[in-house]
2 protein chains.
Amino acid sequence: MKKNIKPGTYACPAPVWCVGTYDAAGKANVMTVIRASICCSTPPHLAISVKKSAYSYQALLQRQCYTVSIPSVKYLKEVDYFGIVSGRNVDKFETSGLTATHSEQVDAPYVAEFPLIFACKVRHVVDIGGHVQFVGEILGIKADKAIVNDNGLPDITKIAPLIYAPASKEYWSIKSNE
Amino acid sequence: MKKNIKPGTYACPAPVWCVGTYDAAGKANVMTVIRASICCSTPPHLAISVKKSAYSYQALLQRQCYTVSIPSVKYLKEVDYFGIVSGRNVDKFETSGLTATHSEQVDAPYVAEFPLIFACKVRHVVDIGGHVQFVGEILGIKADKAIVNDNGLPDITKIAPLIYAPASKEYWSIKSNE
């Protein structure tokens, strides 16, 4: 038996990824996003949605590129902080103690401590409503050697990514489905 | 120490959701997607990416709407099947034994047995490459009473959603991050 729920953003699981940009003054910033996904395989693209009021929004429009750093569960505290505080007021790298490293492929910083990094060049900008979606082509990927398997690809159990439940605003992690 | 990986679709976690459409003849079809996310909160939108070669692609273009049914782990076998077989050749509802129900809000069917359903009207179509992204406004949500909490919202632990790891092509589920 089903009941109707007022439209909202309750689809789960959502990823928990951190978007790196430089602002107009060249200050590195990072914000946590949960509205994001791979959106094309050939060529590989990764889309992120950002509120127009977010400090990163202007940086994305100006530089037309970004990184996505995928955190491990052990960085939950920093990741939650990156999603709450605005880069307008704070240098989030300085206050968190994490390291901004310039991407080789795009003009954006990534979080050096996080295990898996995507460098993206904006190809499409979709003005949806409160959020604008940036669809970026993946120009480069960097992975910690410790999370790469013998086949050369990242291992989800070694990444230990976070998962977000929008309805309860809680973070989760993965386990075997058996 | 990081190593470079050739660009690919290795970002995780990915959701495992099932997209419902009617084809030109009115036959209900369903396909599993892993390239999808909520992409705007006001008004709520949900984006899915579909290969141009997919049977659902023409249906999406023609009817400009779709449902997203979120399966529980216990439907892994059916969900995997929905992602492998094409609706061009098979009636996936008939062969799987699952039930196509017409959405109240849009001209598309959903999977009645799955616990959480989104009805979406296409607002933007983004031609990215091998995949085309459909950005749909969420016009309605239906949830099994059994997965709804006292606050009236869906509970991720009761949904028990699947999670996909693109690099290893494996399905996972959620656990507490503690």
# chains A, B, ... in the order shown; residues from 1 in each chain; ligands from 1

$ residues_around --residues "Thr42 in chain A" --least-positions-apart "4" --cutoff "10 Å" --atoms "only C-alpha atoms" --output "ChimeraX atom specification"
/A:137 /B:7-9,51,128-131

$ write_last_selection --atoms "N, CA and C atoms" --output "CSV table (one decimal), in the first residue's frame"
chain,number,residue,atom,x,y,z
A,137,GLU,N,33.3,17.4,-18.4
A,137,GLU,CA,34.0,16.3,-19.0
A,137,GLU,C,35.2,16.0,-18.0
B,7,PRO,N,40.8,8.7,-17.8
B,7,PRO,CA,39.4,9.1,-17.5
B,7,PRO,C,38.4,8.0,-17.8
B,8,GLY,N,37.5,7.8,-16.8
B,8,GLY,CA,36.5,6.8,-16.9
B,8,GLY,C,35.4,7.1,-15.8
B,9,THR,N,34.5,6.2,-15.7
B,9,THR,CA,33.3,6.5,-14.9
B,9,THR,C,33.3,5.9,-13.5
B,51,LYS,N,21.7,6.0,-22.6
B,51,LYS,CA,22.4,5.8,-23.9
B,51,LYS,C,21.5,6.1,-25.1
B,128,ILE,N,25.0,14.9,-24.3
B,128,ILE,CA,26.4,15.0,-23.7
B,128,ILE,C,27.4,14.3,-24.6
B,129,GLY,N,27.0,13.1,-25.1
B,129,GLY,CA,27.9,12.3,-25.9
B,129,GLY,C,27.2,11.0,-26.2
B,130,GLY,N,27.8,9.9,-25.8
B,130,GLY,CA,27.0,8.6,-25.9
B,130,GLY,C,25.7,8.6,-25.1
B,131,HIS,N,25.7,9.4,-24.0
B,131,HIS,CA,24.5,9.5,-23.2
B,131,HIS,C,23.8,10.8,-23.4

$ closest_atom_pairs --of "chain A" --to "chain B" --cutoff "6 Å" --atoms "only C-alpha atoms" --output "tab-separated table"
residue	atom	partner	partner_atom	distance
A:Met1	CA	B:Asp144	CA	5.6
A:Lys2	CA	B:Asp144	CA	4.2
A:Lys3	CA	B:Ala143	CA	5.4
A:Asn4	CA	B:Lys142	CA	4.6
A:Ile5	CA	B:Ile141	CA	5.2
A:Pro7	CA	B:Gly140	CA	5.4
A:Gly8	CA	B:Pro44	CA	5.5
A:Thr9	CA	B:Pro44	CA	5.9
A:Pro13	CA	B:Pro15	CA	5.6
A:Pro15	CA	B:Pro13	CA	5.6
A:Arg35	CA	B:Cys39	CA	5.1
A:Ala36	CA	B:Ser37	CA	5.9
A:Ser37	CA	B:Ala36	CA	5.9
A:Ile38	CA	B:Arg35	CA	5.3
A:Cys39	CA	B:Arg35	CA	5.1
A:Cys40	CA	B:His131	CA	5.0
A:Thr42	CA	B:Gly130	CA	5.2
A:Pro44	CA	B:Gly8	CA	5.5
A:Ser49	CA	B:Cys39	CA	5.5
A:Gly130	CA	B:Thr42	CA	5.2
A:His131	CA	B:Cys40	CA	5.0
A:Ile138	CA	B:Pro7	CA	6.0
A:Gly140	CA	B:Pro7	CA	5.4
A:Ile141	CA	B:Ile5	CA	5.2
A:Lys142	CA	B:Asn4	CA	4.6
A:Ala143	CA	B:Lys2	CA	5.1
A:Asp144	CA	B:Lys2	CA	4.2
A:Lys145	CA	B:Lys2	CA	5.7
A:Trp172	CA	B:Asn177	CA	4.8
A:Ser173	CA	B:Asn177	CA	4.9
A:Ile174	CA	B:Ile174	CA	4.5
A:Lys175	CA	B:Ser173	CA	5.3
A:Ser176	CA	B:Trp172	CA	5.0
A:Asn177	CA	B:Trp172	CA	4.8

$ write_last_selection --atoms "N, CA and C atoms" --output "compact mmCIF listing (two decimals), in the first residue's frame"
# COMPACT_ATOMS: atom_id res chain seq x y z
N MET A 1 0.84 -1.20 0.00
CA MET A 1 0.00 0.00 0.00
C MET A 1 0.88 1.25 0.00
N LYS A 2 0.65 2.11 -1.00
CA LYS A 2 1.51 3.29 -1.12
C LYS A 2 0.76 4.56 -0.71
N LYS A 3 1.53 5.52 -0.18
CA LYS A 3 0.95 6.82 0.14
C LYS A 3 1.68 7.90 -0.65
N ASN A 4 1.01 9.00 -0.92
CA ASN A 4 1.63 10.10 -1.64
C ASN A 4 2.44 10.97 -0.69
N ILE A 5 3.60 11.41 -1.16
CA ILE A 5 4.46 12.33 -0.41
C ILE A 5 4.64 13.57 -1.28
N PRO A 7 6.31 16.35 -3.36
CA PRO A 7 7.59 16.29 -4.07
C PRO A 7 8.74 16.91 -3.26
N GLY A 8 9.84 16.18 -3.22
CA GLY A 8 11.03 16.61 -2.48
C GLY A 8 12.22 15.79 -2.97
N THR A 9 13.36 15.99 -2.33
CA THR A 9 14.61 15.41 -2.85
C THR A 9 15.00 14.14 -2.09
N PRO A 13 20.38 6.13 -2.78
CA PRO A 13 21.45 6.83 -2.09
C PRO A 13 21.92 8.06 -2.86
N PRO A 15 25.47 10.49 -3.38
CA PRO A 15 26.91 10.47 -3.09
C PRO A 15 27.29 11.66 -2.19
N ARG A 35 24.25 16.38 -4.79
CA ARG A 35 23.46 16.36 -6.03
C ARG A 35 24.45 16.27 -7.18
N ALA A 36 24.87 15.05 -7.48
CA ALA A 36 25.97 14.84 -8.43
C ALA A 36 25.94 13.40 -8.91
N SER A 37 26.46 13.19 -10.12
CA SER A 37 26.60 11.82 -10.62
C SER A 37 27.43 11.80 -11.89
N ILE A 38 27.97 10.64 -12.20
CA ILE A 38 28.45 10.38 -13.55
C ILE A 38 27.23 10.49 -14.46
N CYS A 39 27.39 11.15 -15.63
CA CYS A 39 26.22 11.35 -16.48
C CYS A 39 26.48 10.98 -17.94
N CYS A 40 27.68 10.50 -18.24
CA CYS A 40 27.98 10.02 -19.59
C CYS A 40 29.25 9.17 -19.49
N THR A 42 30.91 7.98 -22.54
CA THR A 42 31.76 8.20 -23.72
C THR A 42 31.44 9.54 -24.34
N PRO A 44 33.70 10.32 -20.78
CA PRO A 44 33.23 10.36 -19.39
C PRO A 44 32.95 11.78 -18.90
N SER A 49 25.44 19.71 -9.13
CA SER A 49 24.48 20.82 -9.03
C SER A 49 24.83 21.68 -7.84
N GLY A 130 16.53 26.65 -8.28
CA GLY A 130 17.45 27.08 -7.23
C GLY A 130 18.87 26.58 -7.46
N HIS A 131 18.99 25.46 -8.14
CA HIS A 131 20.31 24.90 -8.46
C HIS A 131 20.62 25.06 -9.95
N ILE A 138 35.38 14.68 -17.76
CA ILE A 138 36.48 14.23 -16.89
C ILE A 138 37.76 14.19 -17.72
N GLY A 140 40.91 14.10 -16.21
CA GLY A 140 41.96 13.37 -15.50
C GLY A 140 41.41 12.77 -14.23
N ILE A 141 42.01 11.65 -13.80
CA ILE A 141 41.67 11.00 -12.53
C ILE A 141 42.97 10.69 -11.80
N LYS A 142 42.97 10.98 -10.51
CA LYS A 142 44.11 10.60 -9.66
C LYS A 142 43.59 9.75 -8.52
N ALA A 143 44.32 8.68 -8.22
CA ALA A 143 43.90 7.79 -7.14
C ALA A 143 45.09 7.48 -6.25
N ASP A 144 44.84 7.42 -4.94
CA ASP A 144 45.88 6.94 -4.03
C ASP A 144 46.24 5.52 -4.43
N LYS A 145 47.53 5.23 -4.41
CA LYS A 145 47.96 3.86 -4.77
C LYS A 145 47.30 2.83 -3.86
N TRP A 172 25.91 7.61 5.68
CA TRP A 172 26.02 6.17 5.79
C TRP A 172 27.27 5.71 5.05
N SER A 173 27.59 4.43 5.16
CA SER A 173 28.68 3.89 4.34
C SER A 173 28.21 2.59 3.70
N ILE A 174 29.11 1.91 2.97
CA ILE A 174 28.66 0.74 2.21
C ILE A 174 28.94 -0.58 2.95
N LYS A 175 28.18 -1.59 2.58
CA LYS A 175 28.47 -2.95 3.02
C LYS A 175 28.05 -3.91 1.91
N SER A 176 28.53 -5.13 2.00
CA SER A 176 28.14 -6.16 1.04
C SER A 176 26.64 -6.31 1.02
N ASN A 177 26.05 -6.60 -0.15
CA ASN A 177 24.60 -6.74 -0.23
C ASN A 177 24.14 -8.14 0.14

$ atom_distance --atom1 "CA of Val79 in chain A" --atom2 "CA of Ala59 in chain A"
19.6 Å

$ closest_atom_pairs --of "range 98-170 of chain A" --to "range 81-92 of chain A" --cutoff "12 Å" --atoms "only C-alpha atoms" --output "CSV"
residue,atom,partner,partner_atom,distance
A:Leu98,CA,A:Lys92,CA,8.3
A:Thr99,CA,A:Lys92,CA,9.8
A:Ala100,CA,A:Lys92,CA,9.7
A:Val111,CA,A:Lys92,CA,10.9
A:Lys169,CA,A:Gly83,CA,11.9

$ select_by_dssp --residues "range 27-176 of chain B" --states "helix (DSSP H, G or I)" --output "JSON, numbers by chain"
{"B": [55, 56, 57, 58, 59, 60, 61, 62, 63, 73, 74, 75, 76, 77, 78, 79, 80, 81, 82, 83, 84, 92, 93, 94, 95, 96, 145, 146, 147, 156, 157, 158, 159]}

$ residues_around --residues "Tyr110 in chain B" --least-positions-apart "3" --cutoff "6 Å" --atoms "only C-alpha atoms" --output "compact mmCIF listing (two decimals) with C-alpha atoms, in the first residue's frame"
# COMPACT_ATOMS: atom_id res chain seq x y z
CA GLY B 20 9.81 3.42 -16.35
CA THR B 67 9.16 7.38 -13.42
CA ALA B 100 3.71 -2.03 -14.21
CA THR B 101 1.36 0.55 -12.71

$ atom_distance --atom1 "CA of Gln64 in chain B" --atom2 "CA of Pro109 in chain B"
13.1 Å

$ atom_distance --atom1 "CA of Cys65 in chain A" --atom2 "CA of Ser53 in chain A"
18.1 Å
